[in-house]
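J.: Pasting a structure here, questions to come.
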Amino acid sequence: MKKVVKIVTILMVIAFFFAGTSVFAQAKYHIGIVTGTVSQSEDDLRGAEALIKAYGDVKSGGMIQHITYPDDFMSQQETFISSVVSLADDKLMKAIVVNQAIPGTTEAFKRVRAKRPDILLFAGEPHEDPLVIQSAADLAMSADFVSRGYTIIWSAKQLGAKKFVHISFPRHMSYETLSRRNEIFKVACKDLGLEYAFETAPDPTSDVGMAGAQQFIMEKTPQWIEKYGKQTAFFCTNDGETEPLLRQLLAYGGIFVEADLPSPLMGYPGALGIDLSAEMGNFPAILKKVEAAVVAKGGAGRFGTWAFSYGFTVTAGLGEFAKTVIDGKAKKDSLKDLFTALGKYTPGAKWNGAYYTDANTGVRAKNQILVYMDTYIMGKPGKFLPTTTQKIPEKYYLIKNQ
């Protein structure tokens with residue numbers, strides 16, 4: 001009898017211990033993270049995984065609730081909007097981060113705001129026009145499409161480029177941010193002595209899908225290199241089309257400064273056929289392995305990136321920033337606090353940025369920040385091009401869409 005009592009007592013202690021552990025581990029609030037899938041924007045999704053690793057998944061008592069939007073998001077906007085709004089049904093939800101903030105994010109944020117005005121709403125790399133997303137987000141953060149419109153061309157010239165080819169499609173060119181950057185590309189090419197050209201590619205959200213769009217790039221890139229020459233820098237506005245572009249540039253020649261959303265993971269692993277599973281999350285190790293593969297392919301001094309993934313950093317950094325704001329350790333309108341949050345995932349990186357200024361009115365936004373990092377050139381002595389310290393002529397900030 002005493003033995004049975006002893007066993008029961010031990011079991012009760014164990015049960016109490018685990019119950020206490022569960023209560024202790026239960027997050028006091030939740031943060032919703034919305035990203036694309038692995039096929040559309042892998043880096044963005046990996047940033048969500050980093051947050052889950054740090055703060056736990058909601059279903060396991062942690063802080064992070066991660067959902068993805070469909071690859072064909074343009075035809076499923078209502079599905080996307082509904083999924084974002086559904087996050088507000090969670091009474092513990094205190095912030096929602098969408099990266100990339102695809103079309104429909106503004107409407108989703110407005111519906112969340114009407115339902116739960118207490119929830120922080122952060123938009124990473126918005127696809128909607130600045131004044132549109134600014135009307136709904138507490139903070140929108142974009143790669144600096146104004147400054148980079150100049151620095152990418154400046155960098156291309158440093159690498160010996162004589163021509164610059166911009167690859168995109170009508171949907172992307174309907175975005176104010178991308179079309180404005182394209183106009184800056186044109187002016188920068190003229191000022192810095194490069195020949196500018198535009199090539200049209202299929203939209204991956206159209207009927208051809210990502211596979212069809214990638215096949216198009218595979219077939220056309222050798223033709224473009226023959227047409228424009230090997231001293232040509234190529235730039236593509238779509239993440240999924242970056243991999244086949246890189247693969248063919250490495251095979252046939254050409255120059256690549258950096259991706260639309262730069263990262264050593266953006267297109268390079270697939271293009272080079274390298275496995276980075278052992279280096280996952282370790283960006284210095286990832287960059288070292290990618291660089292060695294690029295150099296082995298003869299691409300030294302002709303291929304660049306940011307040392308850390310922009311997409312990964314935006315997801316993880318905005319999630320971290322949301323947490324610090326909720327905890328009262330940061331202010332949502334502090335650039336210093338934002339850069340500190342980004343810096344947690346980019347140790348040693350040099351960032352630059354400023355609040356977005358409307359080219360038509362000259363009004364500076366209070367809730368949209370444009371950021372960029374120094375460009376890392378693989379296999380080149382000196383490695384980094386000092387893009388963040390370049391003095392960009394003021395006229396570039398006044399260039400408007402045509």
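Scheme for the structure tokens: letters A, B, ... for chains in order shown; per-chain residue numbers from 1; ligand numbers from 1 in order shown.
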Let's see if you can do this: from backbone DSSP, list all strand (DSSP E) residues in region 315-383 of chain A, as a list in words.
T.: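 Selecting the strand (DSSP E) positions of region 315-383 of chain A gives Trp351, Asn352, Gly353, Ala354, Tyr355, Tyr356, Thr357, Arg364, Ala365, Lys366, Asn367, Gln368, Ile369, Leu370, Val371, Tyr372, Met373, Thr375, Tyr376 and Ile377 of chain A.
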J.: Those same residues, written as a JSON list (two decimals), in the first residue's frame with C-alpha atoms?
T.:
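Okay, this is what ended up in part-v1.json:
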[["chain", "number", "residue", "atom", "x", "y", "z"],
["A", 351, "TRP", "CA", 22.67, 50.10, -42.93],
["A", 352, "ASN", "CA", 21.46, 53.42, -44.24],
["A", 353, "GLY", "CA", 17.94, 54.72, -44.63],
["A", 354, "ALA", "CA", 15.46, 57.55, -44.35],
["A", 355, "TYR", "CA", 11.76, 58.19, -44.27],
["A", 356, "TYR", "CA", 10.05, 58.08, -47.65],
["A", 357, "THR", "CA", 9.56, 61.44, -49.36],
["A", 364, "ARG", "CA", 8.12, 63.15, -45.85],
["A", 365, "ALA", "CA", 6.15, 60.18, -44.51],
["A", 366, "LYS", "CA", 6.14, 59.44, -40.79],
["A", 367, "ASN", "CA", 5.45, 55.72, -41.11],
["A", 368, "GLN", "CA", 7.44, 54.46, -44.10],
["A", 369, "ILE", "CA", 11.18, 53.90, -43.99],
["A", 370, "LEU", "CA", 13.49, 53.07, -46.91],
["A", 371, "VAL", "CA", 16.62, 51.06, -46.05],
["A", 372, "TYR", "CA", 19.68, 49.64, -47.80],
["A", 373, "MET", "CA", 23.00, 47.94, -47.06],
["A", 375, "THR", "CA", 26.89, 45.67, -51.59],
["A", 376, "TYR", "CA", 29.20, 42.68, -51.19],
["A", 377, "ILE", "CA", 31.09, 41.67, -54.36]]
J.: With only C-alpha atoms counted and 7 Å as the cut-off, give the residues of region 309-368 of chain A in contact with region 87-105 of chain A, each with its shortest interatomic distance in Å and the pair that gives it, as a tab-separated table.
T.:
residue	atom	partner	partner_atom	distance
A:Thr315	CA	A:Asn99	CA	6.0
A:Leu318	CA	A:Val97	CA	6.8
A:Gly319	CA	A:Val97	CA	6.6
A:Ala322	CA	A:Ala95	CA	6.4
J.: Calculated over only C-alpha atoms, which of the candidates A:Gly149, A:Glu320, A:Lys162, A:Ile326 has the smallest distance to Leu338 (chain A)?
T.: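 Closest candidate: A:Glu320.
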J.: Could you check how far CA of Leu245 (chain A) sits from CA of Ile217 (chain A), in Å to one decimal?
T.: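 One can read the CA of Leu245 (chain A) to CA of Ile217 (chain A) distance as 6.1 Å.
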J.: Please measure the separation of CA of Phe73 (chain A) and CA of Glu125 (chain A), giving the value in Å to one decimal.
T.: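 Separation of CA of Phe73 (chain A) and CA of Glu125 (chain A): 15.4 Å.
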J.: Looking only at the backbone, which of the residues in region 93-298 of chain A does DSSP tag as alpha helix (DSSP H), as a ChimeraX atom specification?
T.: /A:105-115,130-134,147-158,170-173,176-192,209-228,242-252,268-272,283-296
